[in-house]
Structure formats: structure tokens, C-alpha cells
>>> print(open('my_file-v6.cif').read())   # mmCIF, C-alpha atoms and all ligand atoms
data_run
loop_
_atom_site.label_atom_id
_atom_site.label_comp_id
_atom_site.auth_asym_id
_atom_site.auth_seq_id
_atom_site.Cartn_x
_atom_site.Cartn_y
_atom_site.Cartn_z
CA MET A 105 4.66 20.36 13.37
CA SER A 106 3.52 21.91 10.12
CA ASP A 107 6.24 20.26 8.00
CA VAL A 108 4.93 16.86 9.16
CA THR A 109 1.84 17.39 7.01
CA ALA A 110 3.47 19.45 4.24
CA GLY A 111 1.92 18.64 0.89
CA LEU A 112 -1.27 17.04 2.20
CA PRO A 113 -4.32 18.40 0.40
CA ALA A 114 -6.69 20.76 2.24
CA ASP A 115 -9.44 18.12 2.30
CA PHE A 116 -7.18 15.38 3.73
CA PHE A 117 -9.10 13.80 6.60
CA TRP A 118 -8.13 12.47 10.02
CA GLY A 119 -9.63 9.85 12.25
CA VAL A 120 -9.26 7.06 14.74
CA ALA A 121 -10.10 3.37 14.41
CA THR A 122 -11.27 0.45 16.55
CA SER A 123 -12.97 -2.91 15.98
CA ALA A 124 -15.96 -4.56 17.62
CA TYR A 125 -14.45 -7.56 19.39
CA GLN A 126 -11.48 -5.55 20.62
CA ILE A 127 -13.54 -2.93 22.50
CA GLU A 128 -17.22 -3.81 22.92
CA GLY A 129 -17.39 -6.55 25.55
CA ALA A 130 -21.05 -7.48 26.33
CA TYR A 131 -20.31 -10.76 24.58
CA ASP A 132 -23.55 -12.46 25.59
CA GLU A 133 -25.96 -9.55 25.82
CA ASP A 134 -29.07 -8.64 23.86
CA GLY A 135 -29.07 -11.80 21.78
CA ARG A 136 -25.44 -11.80 20.59
CA THR A 137 -24.19 -15.31 19.82
CA LEU A 138 -20.57 -16.45 19.89
CA SER A 139 -17.95 -15.58 17.32
CA ILE A 140 -14.83 -17.57 16.53
CA TRP A 141 -12.87 -15.22 18.82
CA ASP A 142 -15.10 -16.01 21.80
CA THR A 143 -14.43 -19.68 21.22
CA PHE A 144 -10.75 -19.42 20.33
CA SER A 145 -9.86 -17.18 23.27
CA ARG A 146 -11.19 -19.87 25.62
CA ARG A 147 -8.79 -22.42 24.23
CA PRO A 148 -5.92 -22.89 26.71
CA GLY A 149 -2.78 -21.16 25.49
CA ALA A 150 -4.44 -19.35 22.58
CA VAL A 151 -4.32 -15.85 24.09
CA ALA A 152 -1.73 -14.40 26.49
CA ASN A 153 -2.81 -14.74 30.14
CA GLY A 154 -5.97 -16.59 29.04
CA GLU A 155 -7.65 -13.25 28.31
CA ASN A 156 -10.70 -12.68 26.10
CA GLY A 157 -13.08 -9.97 24.87
CA ASP A 158 -15.94 -10.71 27.29
CA VAL A 159 -15.65 -7.23 28.80
CA ALA A 160 -12.83 -5.55 26.84
CA CYS A 161 -13.28 -1.75 27.06
CA ASP A 162 -16.97 -2.16 27.93
CA HIS A 163 -17.67 0.13 24.99
CA TYR A 164 -21.11 -1.46 24.50
CA HIS A 165 -22.20 0.24 27.73
CA ARG A 166 -20.04 3.35 27.46
CA MET A 167 -20.61 4.24 23.84
CA PRO A 168 -22.02 7.78 24.31
CA SER A 169 -19.14 8.94 26.47
CA ASP A 170 -16.64 7.24 24.14
CA VAL A 171 -18.15 9.10 21.19
CA ALA A 172 -17.91 12.35 23.13
CA MET A 173 -14.23 11.57 23.68
CA ILE A 174 -13.75 10.90 19.95
CA ALA A 175 -15.38 14.22 19.13
CA ARG A 176 -13.11 16.03 21.57
CA LEU A 177 -10.10 14.78 19.61
CA GLY A 178 -11.32 16.88 16.70
CA VAL A 179 -11.25 14.01 14.19
CA ASP A 180 -13.28 13.94 10.98
CA LYS A 181 -13.96 10.20 10.96
CA TYR A 182 -14.36 7.23 13.25
CA ARG A 183 -13.76 3.74 11.85
CA PHE A 184 -15.52 0.94 13.74
CA SER A 185 -16.64 -2.57 12.87
CA VAL A 186 -19.96 -4.34 13.24
CA SER A 187 -20.04 -7.57 15.21
CA TRP A 188 -21.71 -10.05 12.88
CA PRO A 189 -23.05 -12.34 15.64
CA ARG A 190 -24.50 -9.32 17.43
CA VAL A 191 -26.64 -8.18 14.53
CA GLN A 192 -27.29 -11.54 12.82
CA PRO A 193 -26.93 -14.23 15.49
CA GLY A 194 -25.55 -17.47 14.10
CA GLY A 195 -24.68 -15.72 10.83
CA ARG A 196 -27.98 -16.34 9.05
CA GLY A 197 -31.55 -15.20 9.11
CA PRO A 198 -33.18 -12.00 10.26
CA VAL A 199 -31.63 -9.06 12.00
CA ASN A 200 -31.35 -9.01 15.78
CA ALA A 201 -33.04 -5.67 16.39
CA LYS A 202 -31.50 -5.15 19.82
CA GLY A 203 -27.98 -5.73 18.60
CA MET A 204 -28.47 -3.54 15.54
CA ASP A 205 -29.90 -0.79 17.69
CA PHE A 206 -26.48 -0.39 19.32
CA TYR A 207 -24.91 0.50 15.97
CA SER A 208 -27.82 2.69 15.02
CA ARG A 209 -27.35 4.69 18.22
CA LEU A 210 -23.58 4.79 17.65
CA VAL A 211 -24.06 6.21 14.16
CA ASP A 212 -26.58 8.80 15.37
CA GLU A 213 -24.30 9.82 18.21
CA LEU A 214 -21.36 10.27 15.81
CA LEU A 215 -23.37 12.29 13.32
CA GLU A 216 -24.74 14.49 16.04
CA LYS A 217 -21.18 15.26 17.15
CA GLY A 218 -20.02 15.98 13.60
CA VAL A 219 -17.93 12.81 13.16
CA ASP A 220 -18.42 10.73 9.98
CA PRO A 221 -18.99 7.03 10.64
CA TRP A 222 -16.71 4.68 8.66
CA LEU A 223 -18.11 1.17 8.86
CA THR A 224 -16.13 -2.06 8.49
CA LEU A 225 -18.37 -5.09 8.04
CA TYR A 226 -15.88 -7.76 9.04
CA HIS A 227 -13.04 -7.38 11.51
CA TRP A 228 -12.52 -11.09 12.21
CA ASP A 229 -15.52 -12.06 14.36
CA LEU A 230 -17.11 -14.77 12.23
CA PRO A 231 -20.22 -16.30 13.85
CA GLN A 232 -19.15 -19.63 15.35
CA GLU A 233 -22.00 -21.45 13.59
CA LEU A 234 -20.53 -20.46 10.21
CA GLU A 235 -17.13 -21.78 11.28
CA ASP A 236 -18.81 -25.02 12.35
CA ALA A 237 -20.35 -25.21 8.87
CA GLY A 238 -16.87 -24.94 7.31
CA GLY A 239 -15.74 -21.35 7.91
CA TRP A 240 -13.95 -19.31 5.25
CA PRO A 241 -12.58 -22.39 3.43
CA HIS A 242 -16.24 -23.16 2.65
CA ARG A 243 -17.63 -21.26 -0.35
CA ASP A 244 -21.05 -20.70 1.15
CA THR A 245 -19.57 -18.37 3.79
CA ALA A 246 -18.99 -15.78 1.05
CA TYR A 247 -22.72 -15.76 0.23
CA ARG A 248 -23.62 -15.51 3.91
CA PHE A 249 -21.36 -12.46 4.11
CA ALA A 250 -23.07 -10.69 1.21
CA GLU A 251 -26.41 -11.34 2.88
CA PHE A 252 -25.05 -9.91 6.15
CA ALA A 253 -23.90 -6.80 4.24
CA GLY A 254 -27.49 -6.29 3.09
CA VAL A 255 -28.86 -6.79 6.61
CA VAL A 256 -26.52 -4.09 7.95
CA HIS A 257 -27.25 -1.78 5.04
CA ASP A 258 -31.01 -2.10 5.62
CA ALA A 259 -30.49 -0.61 9.08
CA LEU A 260 -27.63 1.86 8.61
CA GLY A 261 -27.42 2.56 4.89
CA ASP A 262 -29.29 5.84 5.21
CA ARG A 263 -26.64 7.30 7.54
CA VAL A 264 -23.27 5.64 6.90
CA PRO A 265 -21.35 7.14 3.94
CA THR A 266 -18.30 4.86 3.81
CA TRP A 267 -18.27 1.06 3.84
CA THR A 268 -15.33 -1.32 4.09
CA THR A 269 -16.03 -4.98 3.44
CA LEU A 270 -13.13 -6.83 5.10
CA ASN A 271 -10.32 -5.90 7.42
CA GLU A 272 -7.03 -7.63 6.55
CA PRO A 273 -8.08 -10.85 4.82
CA TRP A 274 -4.41 -11.94 5.06
CA CYS A 275 -4.84 -12.25 8.83
CA SER A 276 -8.19 -14.05 8.53
CA ALA A 277 -6.80 -16.56 6.03
CA MET A 278 -3.17 -17.04 7.05
CA LEU A 279 -3.25 -16.51 10.82
CA GLY A 280 -6.68 -18.11 11.12
CA TYR A 281 -6.22 -21.17 8.92
CA ASP A 282 -2.49 -21.63 8.20
CA THR A 283 -0.44 -20.74 11.29
CA GLY A 284 -3.40 -21.08 13.67
CA ARG A 285 -2.32 -18.08 15.73
CA HIS A 286 -5.70 -16.41 15.29
CA ALA A 287 -9.24 -17.76 15.45
CA PRO A 288 -10.38 -20.29 14.46
CA GLY A 289 -6.86 -21.69 14.97
CA ARG A 290 -6.69 -24.22 12.16
CA LYS A 291 -3.31 -25.16 10.67
CA ASN A 292 -3.68 -26.17 7.06
CA PHE A 293 -2.16 -24.26 4.15
CA GLY A 294 -4.67 -25.66 1.65
CA GLU A 295 -7.57 -24.42 3.77
CA ALA A 296 -5.88 -21.03 4.07
CA MET A 297 -5.79 -20.76 0.27
CA ARG A 298 -9.47 -21.69 0.02
CA ALA A 299 -10.19 -19.11 2.73
CA THR A 300 -8.24 -16.46 0.79
CA HIS A 301 -10.37 -16.97 -2.30
CA HIS A 302 -13.67 -17.08 -0.43
CA LEU A 303 -12.80 -13.93 1.51
CA LEU A 304 -12.12 -12.15 -1.77
CA LEU A 305 -15.31 -13.56 -3.25
CA ALA A 306 -17.21 -12.40 -0.14
CA HIS A 307 -15.76 -8.93 -0.63
CA GLY A 308 -16.83 -8.84 -4.30
CA LEU A 309 -20.34 -10.12 -3.61
CA ALA A 310 -20.78 -7.56 -0.82
CA VAL A 311 -19.51 -4.76 -3.07
CA GLN A 312 -22.10 -5.74 -5.67
CA GLU A 313 -24.84 -5.89 -3.02
CA LEU A 314 -23.93 -2.49 -1.56
CA ARG A 315 -23.35 -0.84 -4.92
CA ALA A 316 -26.80 -1.95 -6.07
CA ARG A 317 -28.14 -0.19 -2.99
CA GLY A 318 -26.39 3.04 -3.94
CA VAL A 319 -23.36 3.08 -1.62
CA ALA A 320 -20.93 5.58 -3.17
CA SER A 321 -17.80 5.02 -1.10
CA LEU A 322 -16.79 1.38 -0.91
CA GLY A 323 -13.56 -0.48 -0.28
CA ILE A 324 -11.52 -3.15 1.44
CA THR A 325 -8.69 -2.84 3.96
CA LEU A 326 -5.41 -4.74 3.57
CA ASN A 327 -2.35 -4.93 5.82
CA MET A 328 0.75 -4.37 3.78
CA GLY A 329 4.40 -3.42 4.01
CA THR A 330 7.45 -3.59 1.77
CA HIS A 331 9.34 -6.85 1.33
CA SER A 332 12.99 -6.61 0.38
CA PRO A 333 15.70 -9.24 -0.04
CA ALA A 334 18.50 -9.40 2.54
CA SER A 335 21.05 -9.62 -0.30
CA ASP A 336 21.16 -10.02 -4.07
CA ASP A 337 21.52 -13.77 -3.67
CA PRO A 338 18.77 -15.08 -5.99
CA ARG A 339 17.36 -17.18 -3.15
CA ASP A 340 16.85 -14.10 -0.97
CA VAL A 341 15.38 -12.23 -3.93
CA ASP A 342 12.96 -15.10 -4.39
CA ALA A 343 12.06 -15.08 -0.68
CA ALA A 344 11.13 -11.38 -0.94
CA ARG A 345 9.13 -12.05 -4.12
CA ARG A 346 7.15 -14.79 -2.36
CA ALA A 347 6.45 -12.63 0.70
CA ASP A 348 5.21 -9.80 -1.51
CA GLY A 349 3.17 -12.32 -3.52
CA PHE A 350 1.39 -13.78 -0.50
CA GLY A 351 1.20 -10.47 1.39
CA THR A 352 0.12 -7.99 -1.27
CA ARG A 353 -0.27 -9.23 -4.83
CA ILE A 354 -2.52 -12.22 -4.03
CA TYR A 355 -5.12 -9.62 -2.92
CA MET A 356 -4.40 -6.52 -4.97
CA ASP A 357 -4.02 -8.28 -8.32
CA PRO A 358 -7.45 -9.98 -8.31
CA LEU A 359 -9.12 -6.92 -6.75
CA VAL A 360 -7.75 -4.46 -9.28
CA HIS A 361 -6.62 -6.48 -12.30
CA GLY A 362 -9.07 -9.39 -12.05
CA ARG A 363 -6.43 -12.14 -11.95
CA TYR A 364 -4.27 -13.99 -9.46
CA PRO A 365 -0.51 -13.50 -9.95
CA GLU A 366 0.94 -16.40 -11.96
CA ASP A 367 4.06 -16.81 -9.83
CA VAL A 368 1.97 -17.07 -6.66
CA LEU A 369 -0.28 -19.71 -8.24
CA VAL A 370 2.88 -21.70 -9.05
CA ASP A 371 4.09 -21.35 -5.42
CA ILE A 372 0.70 -22.53 -4.17
CA ALA A 373 0.67 -25.53 -6.50
CA ALA A 374 4.20 -26.43 -5.40
CA ARG A 375 2.81 -26.75 -1.88
CA GLY A 376 0.07 -29.10 -3.08
CA ALA A 377 -2.74 -26.56 -2.75
CA GLU A 378 -4.88 -24.46 -5.07
CA ILE A 379 -7.13 -21.43 -5.26
CA PRO A 380 -10.66 -22.79 -5.90
CA VAL A 381 -11.69 -20.30 -8.61
CA ARG A 382 -14.95 -20.87 -10.44
CA SER A 383 -15.95 -19.21 -13.65
CA GLY A 384 -17.09 -15.62 -13.04
CA ASP A 385 -15.44 -15.31 -9.63
CA LEU A 386 -12.69 -12.96 -10.75
CA GLU A 387 -15.20 -10.62 -12.39
CA ILE A 388 -17.05 -10.44 -9.07
CA ILE A 389 -13.85 -9.92 -7.07
CA SER A 390 -12.68 -7.11 -9.35
CA THR A 391 -15.94 -5.15 -9.21
CA PRO A 392 -14.59 -1.60 -9.03
CA ILE A 393 -14.08 -0.06 -5.60
CA ASP A 394 -13.50 3.54 -4.60
CA VAL A 395 -10.76 3.18 -2.05
CA VAL A 396 -8.17 0.73 -0.78
CA GLY A 397 -7.66 0.91 2.96
CA VAL A 398 -3.99 0.52 3.85
CA ASN A 399 -3.00 -0.72 7.30
CA TYR A 400 0.71 -0.18 7.85
CA TYR A 401 2.81 -1.13 10.85
CA THR A 402 6.22 -2.27 9.59
CA SER A 403 8.22 -3.56 6.62
CA HIS A 404 10.31 -6.70 6.26
CA VAL A 405 13.65 -7.89 4.90
CA HIS A 406 13.72 -11.57 3.87
CA LYS A 407 16.45 -14.17 3.77
CA ALA A 408 16.19 -17.68 2.38
CA THR A 409 16.87 -20.51 4.81
CA ASP A 410 18.31 -23.93 4.11
CA ASP A 411 14.85 -25.40 4.03
CA ALA A 412 13.92 -25.33 0.33
CA GLY A 413 11.35 -22.62 -0.30
CA ALA A 414 11.50 -21.37 3.28
CA SER A 415 12.71 -17.99 4.50
CA GLU A 416 13.01 -15.86 7.57
CA VAL A 417 12.61 -12.20 8.36
CA VAL A 418 15.92 -10.67 9.32
CA SER A 419 16.19 -7.82 11.75
CA GLN A 420 17.81 -4.64 10.49
CA GLY A 421 18.78 -3.63 14.02
CA ARG A 422 16.33 -0.73 14.09
CA PRO A 423 14.30 0.33 17.13
CA VAL A 424 11.22 -1.85 17.64
CA THR A 425 7.77 -1.37 19.17
CA ALA A 426 6.46 -3.50 22.05
CA MET A 427 5.29 -5.99 19.40
CA GLY A 428 8.91 -6.43 18.34
CA TRP A 429 8.03 -4.79 15.01
CA GLU A 430 10.80 -2.68 13.51
CA ILE A 431 9.99 0.99 13.04
CA VAL A 432 10.32 1.67 9.29
CA PRO A 433 8.55 4.89 8.27
CA GLU A 434 10.29 5.11 4.89
CA GLY A 435 8.85 1.68 4.07
CA PHE A 436 5.43 3.34 4.39
CA THR A 437 6.33 5.95 1.78
CA ALA A 438 7.75 3.29 -0.52
CA LEU A 439 4.67 1.08 -0.11
CA LEU A 440 2.21 3.88 -0.94
CA LEU A 441 4.19 4.93 -4.01
CA ARG A 442 4.36 1.33 -5.19
CA LEU A 443 0.60 0.81 -4.68
CA GLN A 444 -0.05 4.01 -6.61
CA GLN A 445 2.13 2.86 -9.47
CA ASP A 446 0.96 -0.75 -9.70
CA TYR A 447 -2.72 -0.33 -8.87
CA GLY A 448 -3.73 3.35 -9.03
CA VAL A 449 -6.74 3.09 -6.69
CA PRO A 450 -7.27 5.99 -4.24
CA MET A 451 -5.99 5.07 -0.79
CA VAL A 452 -6.80 5.85 2.82
CA ILE A 453 -4.64 4.84 5.75
CA THR A 454 -7.22 2.87 7.73
CA GLU A 455 -4.73 1.87 10.46
CA ASN A 456 -1.31 2.99 11.61
CA GLY A 457 0.05 3.12 15.11
CA ALA A 458 2.18 1.32 17.65
CA ALA A 459 2.19 -0.56 20.95
CA PHE A 460 4.66 0.55 23.57
CA ASP A 461 5.05 -0.35 27.21
CA ASP A 462 3.43 2.86 28.37
CA LEU A 463 4.01 4.12 31.84
CA ASP A 464 0.91 4.31 34.00
CA VAL A 465 -1.08 7.49 34.42
CA GLU A 466 0.68 10.06 36.54
CA ASP A 467 -1.04 13.29 37.51
CA GLY A 468 -3.70 12.53 34.92
CA PHE A 469 -1.11 12.19 32.16
CA VAL A 470 0.57 9.40 30.16
CA ALA A 471 3.88 10.51 28.66
CA ASP A 472 3.97 8.17 25.64
CA VAL A 473 6.72 9.97 23.78
CA ASP A 474 7.62 6.83 21.77
CA ARG A 475 4.13 6.74 20.30
CA VAL A 476 4.17 10.46 19.51
CA GLU A 477 7.42 9.92 17.62
CA TYR A 478 6.05 6.86 15.82
CA LEU A 479 2.92 8.72 14.71
CA ARG A 480 4.86 11.84 13.74
CA SER A 481 7.32 9.93 11.55
CA HIS A 482 4.57 7.89 9.90
CA VAL A 483 2.29 10.85 9.15
CA ALA A 484 5.37 12.51 7.65
CA ALA A 485 5.96 9.35 5.59
CA VAL A 486 2.40 9.55 4.23
CA ALA A 487 2.88 13.23 3.37
CA ALA A 488 6.12 12.35 1.56
CA ALA A 489 4.26 9.73 -0.48
CA VAL A 490 1.56 12.26 -1.36
CA ARG A 491 4.21 14.75 -2.49
CA GLY A 492 5.65 11.94 -4.60
CA GLY A 493 2.31 11.39 -6.33
CA ALA A 494 0.42 8.86 -4.18
CA ASP A 495 -3.33 9.52 -4.00
CA VAL A 496 -3.91 9.15 -0.25
CA ARG A 497 -7.08 10.80 1.03
CA GLY A 498 -6.91 10.41 4.80
CA TYR A 499 -5.25 8.90 7.86
CA LEU A 500 -6.91 6.94 10.68
CA ALA A 501 -4.80 6.18 13.73
CA TRP A 502 -4.88 2.74 15.34
CA SER A 503 -6.19 2.91 17.88
CA LEU A 504 -8.59 5.24 19.64
CA MET A 505 -7.93 3.42 22.91
CA ASP A 506 -6.03 0.48 24.38
CA ASN A 507 -7.97 -2.71 23.67
CA PHE A 508 -7.92 -6.50 23.28
CA GLU A 509 -4.93 -7.11 21.02
CA TRP A 510 -5.96 -10.57 19.78
CA GLY A 511 -3.40 -13.25 20.72
CA TYR A 512 -1.58 -10.76 22.95
CA GLY A 513 -4.63 -10.01 25.08
CA TYR A 514 -4.50 -6.73 27.00
CA ASP A 515 -0.70 -6.76 27.30
CA LYS A 516 -0.08 -4.70 24.20
CA ARG A 517 -1.43 -1.17 24.29
CA PHE A 518 -2.04 0.56 20.95
CA GLY A 519 -4.32 3.35 22.18
CA ILE A 520 -3.77 7.06 22.04
CA VAL A 521 -6.15 6.92 25.00
CA ARG A 522 -5.21 4.79 27.99
CA VAL A 523 -7.77 2.36 29.40
CA ASP A 524 -7.61 1.24 33.01
CA TYR A 525 -9.15 -2.21 32.74
CA VAL A 526 -10.14 -2.28 36.42
CA THR A 527 -12.05 1.00 36.53
CA GLN A 528 -12.60 1.40 32.75
CA GLU A 529 -11.33 4.94 33.14
CA ARG A 530 -10.03 6.55 29.94
CA THR A 531 -7.10 9.01 29.98
CA LEU A 532 -5.86 10.89 26.94
CA LYS A 533 -2.19 10.08 26.45
CA GLN A 534 0.31 12.64 25.25
CA SER A 535 -0.10 11.11 21.78
CA ALA A 536 -3.84 11.93 21.79
CA GLN A 537 -3.08 15.53 22.69
CA TRP A 538 -0.39 15.69 20.03
CA TYR A 539 -2.78 14.20 17.44
CA ARG A 540 -5.53 16.69 18.31
CA GLU A 541 -3.05 19.53 17.88
CA LEU A 542 -1.73 18.11 14.59
CA ILE A 543 -5.26 17.93 13.18
CA ALA A 544 -6.06 21.47 14.32
CA GLN A 545 -2.86 22.80 12.72
CA ALA A 546 -3.29 20.84 9.50
CA ARG A 547 -6.67 22.51 9.07
CA ARG A 548 -5.31 26.05 9.39
C1 LIG A 601 -4.12 -5.02 12.76
C2 LIG A 601 -5.55 -5.26 13.15
C3 LIG A 601 -6.00 -4.48 14.35
C4 LIG A 601 -4.93 -4.41 15.40
C5 LIG A 601 -3.63 -3.93 14.80
C6 LIG A 601 -2.52 -3.77 15.79
O1 LIG A 601 -3.63 -6.15 12.13
O2 LIG A 601 -6.41 -4.94 12.08
O3 LIG A 601 -7.19 -5.08 14.83
O4 LIG A 601 -4.81 -5.62 16.01
O5 LIG A 601 -3.23 -4.81 13.80
#
>>> encode(input="my_file-v6.cif", output="C-alpha cells", more="lines below")
Ligand code: FCB
Amino acid sequence: MSDVTAGLPADFFWGVATSAYQIEGAYDEDGRTLSIWDTFSRRPGAVANGENGDVACDHYHRMPSDVAMIARLGVDKYRFSVSWPRVQPGGRGPVNAKGMDFYSRLVDELLEKGVDPWLTLYHWDLPQELEDAGGWPHRDTAYRFAEFAGVVHDALGDRVPTWTTLNEPWCSAMLGYDTGRHAPGRKNFGEAMRATHHLLLAHGLAVQELRARGVASLGITLNMGTHSPASDDPRDVDAARRADGFGTRIYMDPLVHGRYPEDVLVDIAARGAEIPVRSGDLEIISTPIDVVGVNYYTSHVHKATDDAGASEVVSQGRPVTAMGWEIVPEGFTALLLRLQQDYGVPMVITENGAAFDDLDVEDGFVADVDRVEYLRSHVAAVAAAVRGGADVRGYLAWSLMDNFEWGYGYDKRFGIVRVDYVTQERTLKQSAQWYRELIAQARR
């Protein structure tokens, strides 16, 4: 096991991650209003089996025992997100004290058990009222977000050391407004480009708000992978360039270098859309951050199709997870080295993990050997990147427990802890036991 972590610094940290809508449930309690996911999941056909997050893992009512379980894993950090409509119903105005109290108790419970809270402000649950007012394509939403950041900081700023603004703006913008596979389910490329810019602006405004309040560890989390061409045919090479442009550079370039990539702006214009930049926006977006959160699941190989400007992802015939995602640990190493070289911001793995069709609990045990192997090979890939010079400070596994996997509902299980959705019983899988052991050994 020790060679898995070879080369990781002594202060490298370990954790587990979740998000509010995926685990909390209690969707209409204590003054919480609806988010776009409450609305979207009720749309026929939007989520597998018509499922939703009304109850999810019932974490809202089981938080103390869940925190005890987190502590037993021996992790340093727990990454969670705050449900915006729970703490600021409707997305504007004063705090909802009852909703905020849940997070205040969560933070206290974590600190008492020696686990550092890592707070993500936005993991996709936009208040429905803000979507009705225009959603992320509407510039005002960015200002609402910065205000929300202040509301949360007023309540938790004295106890939460690390703050992430957004989780995976690519998913919010592209899946939410272009393909329509995520909430709010709109299908308009131009709106997706407006959403992209306003998400980045929201991030920058929130960074400024939190920095002014003295937050010392601030960042954003992006989902990324490598994008390679299927051949050296210039059309395939261009397909890979575009995928990298829309997947990575459209975020990282403005965040770190204060400009959108020229080639991507040309691609956007060719599709009759634009990024609605106003003077001063890029300075706000590139306000320095301390850490980039990297969420890694897979990497892609791209091939141009006959449709001009279109492309497809081609399978490399590797083993896949239950999501159908190819297992590409060396892509993780390559990605981290590339991010180090092109951007040079310290990184933390804020998500990495896999769904598999786990067998049910037998004799109190879930033998998820596929997940153990996935985690092992990916932690090793991070360690290889660190040995190669990438500044990666920690690793947070996705996910603490099985939960509501967005459009896939409860079908896809990403947890290292199994959840029985009938009894809400939690059972540590083999992967959780392996992870606990890995952390203990890495500390020796
Ligand atoms: C990421 C999301 C997370 C989870 C994993 C599997 O894109 O941030 O909520 O759904 O994928």
C-alpha cells in the first residue's frame, strides 16, 4: 500500500466529499424553498425512475451520526455544500436562521471530532426564484451569489477555514443550459455561454467578498480530464482542441490569466453566440485564489464527425465504471502535470471516485473490489503527478456515501459507504475500510 502514496508530502491531507441536494433530503423543512433540482426532478423523464432529492440520504436528520461516521474514517477534511434555498429562501434577502443553524451545527460537530470543514457555496441548487428571474444567463444572478456568500460567511466564517465558490461550472452551464440534461433543463448554446460568464463573474465577486472578510483559503472546483485526438488527422486534432477549450481553458484561462482563450471565442462566434464580457469583469474573475479544486473521473479521445465542427468521443476499449466512463488513471497524472505547467496554482483533488454495480450487503460487508482498485490506481496517479512536480495538497474521495446521482437518480452508487434507501442504514464498504487504512499508513 505504501508505494501508492510514495512521494506525497507529510502534510498531504485526505477527506471525503458530498453535496447538499445529493444527501440532505428535508426539501421542504424549516423554511427551505425550492431549488432548480427540486423542480427539474419533477419533470417527467428528467431523472431515472422519476427519482428526486426529497429524502435522499436523510442527512438533514442524521447529521450527527453521519459526522461520527466521517470521523471514524480517520479523514482530515469533509467537503460539503450549502443549500442556497435553505439558508436564503428564494435567493435574496435575510438569512433563514433555522436553515443556517443546520450548517452551524454541522460545522461544530465536525470541529469537535477533529475534522476540518471544507465548504462549497454552490453545488448546483440554484433557488428556483432566481431561475425564474433569468437564471445564470442573467447577469444579476452573479451579484445575488456574492450576496449569498456574505450571508453564509456571517454565520460560519468564524469556524470554516476553506471556502470553494462553485462546483463544476461546466456542468451548471453546459448540462444545465446547453444539453438540458441537468437542471434547469434549457437547451440553448447562447444561454450556456452567458451562463458560463456569469458563473465566473459570480465566482470572482464572491472571492472579493470573502477575501475582504479575511478568508485565507479560497478557490473554485472544476471538472477536468485530458482530451486527445483519435488520430493526427487535423480534424481530430481540432476536435480535441475544442473539447479542451470548452472543458478546461474557458475556465482556467480567465481565472488565472484574466482572459478568455482566443480560439474558443472564435468557436463561440462561429456558433452565433458570444461571451457577454463587460469592462472590468476579467479583473474580477482573475482575483487571485489559493487553490484550484480538481474533480477527475475520466479522460477522453475525440474524433471529428462528418458534421462540420462536430465530434464524438471514441472508446479506447478500456474497462468502464457503471457510468460507462473509461478508467484512465494515467490521464489524471497527465492532467495534473499540465495544469501545473500552464497555470501553476496549488491544487487539491476535490472529487475522485467511481460508481459500480455494488453487490448488496452480505454479513455486514460490501465487497466493492472494483472501487478499491479504482481509488488505488487514482491515488497512485496523483502521487505520480506530485513526484513529477505537480503541487497537489490533498485528496477528497467522491463520495462519502451513495447518494442522489443527478439525472441517474439512486441507480448509480458512488459511495465508499453503502446506503440502504429503505432503512437509511449505512454500511462501510470494503473501499471505506481500505481508504481508512491507506490514510493511517500514509501518516506513519
Ligand atoms: C461530479 C459532481 C458530483 C457527482 C460526481 C459523480 O460531476 O460534482 O456531484 O455527481 O460528479
>>> closest_residue(input="my_file-v6.cif", among="A:Ile379, A:Ala347, A:Val311, A:Ala237", to="Phe293 in chain A", atoms="all atoms listed in the file")
A:Ile379
>>> residues_near_ligand(input="my_file-v6.cif", ligand="ligand LIG 601 (chain A)", cutoff="9 Å", atoms="all atoms listed in the file", output="PyMOL selection string")
chain A and resi 121-123+125-126+227-228+271-272+275+325-327+399-401+427+454-459+502-503+507-510+516-518
>>> closest_residue(input="my_file-v6.cif", among="A:His404, A:Arg353, A:Arg290, A:Arg285", to="Leu369 in chain A", atoms="all atoms listed in the file")
A:Arg353
>>> atom_distance(input="my_file-v6.cif", atom1="CA of Leu479 in chain A", atom2="CA of Gly513 in chain A")
22.7 Å
>>> residues_near_point(input="my_file-v6.cif", point="(-22.2, -11.0, 21.7)", cutoff="9 Å", atoms="only C-alpha atoms", output="short mmCIF file (atom, residue, chain, number, x, y, z; two decimals) with C-alpha atoms, in the frame of the given file")
data_model
loop_
_atom_site.label_atom_id
_atom_site.label_comp_id
_atom_site.auth_asym_id
_atom_site.auth_seq_id
_atom_site.Cartn_x
_atom_site.Cartn_y
_atom_site.Cartn_z
CA TYR A 125 -14.45 -7.56 19.39
CA GLU A 128 -17.22 -3.81 22.92
CA GLY A 129 -17.39 -6.55 25.55
CA ALA A 130 -21.05 -7.48 26.33
CA TYR A 131 -20.31 -10.76 24.58
CA ASP A 132 -23.55 -12.46 25.59
CA GLU A 133 -25.96 -9.55 25.82
CA ASP A 134 -29.07 -8.64 23.86
CA GLY A 135 -29.07 -11.80 21.78
CA ARG A 136 -25.44 -11.80 20.59
CA THR A 137 -24.19 -15.31 19.82
CA LEU A 138 -20.57 -16.45 19.89
CA SER A 139 -17.95 -15.58 17.32
CA ASP A 142 -15.10 -16.01 21.80
CA ASP A 158 -15.94 -10.71 27.29
CA SER A 187 -20.04 -7.57 15.21
CA TRP A 188 -21.71 -10.05 12.88
CA PRO A 189 -23.05 -12.34 15.64
CA ARG A 190 -24.50 -9.32 17.43
CA VAL A 191 -26.64 -8.18 14.53
CA PRO A 193 -26.93 -14.23 15.49
CA GLY A 203 -27.98 -5.73 18.60
#
>>> residues_near_point(input="my_file-v6.cif", point="(-0.2, 17.7, 1.1)", cutoff="12 Å", atoms="all atoms listed in the file", output="PyMOL selection string")
chain A and resi 106-117+483-498+546-547
>>> atom_distance(input="my_file-v6.cif", atom1="CA of Val264 in chain A", atom2="CA of Asn200 in chain A")
18.9 Å
>>> axis_aligned_box(input="my_file-v6.cif", around="range 302-306 of chain A", padding_each_side="4 Å", output="lines of an AutoDock Vina configuration file")
center_x = -14.7
center_y = -14.6
center_z = -0.9
size_x = 13.1
size_y = 12.9
size_z = 12.8
>>> atom_distance(input="my_file-v6.cif", atom1="CA of Asn292 in chain A", atom2="CA of Arg243 in chain A")
16.5 Å
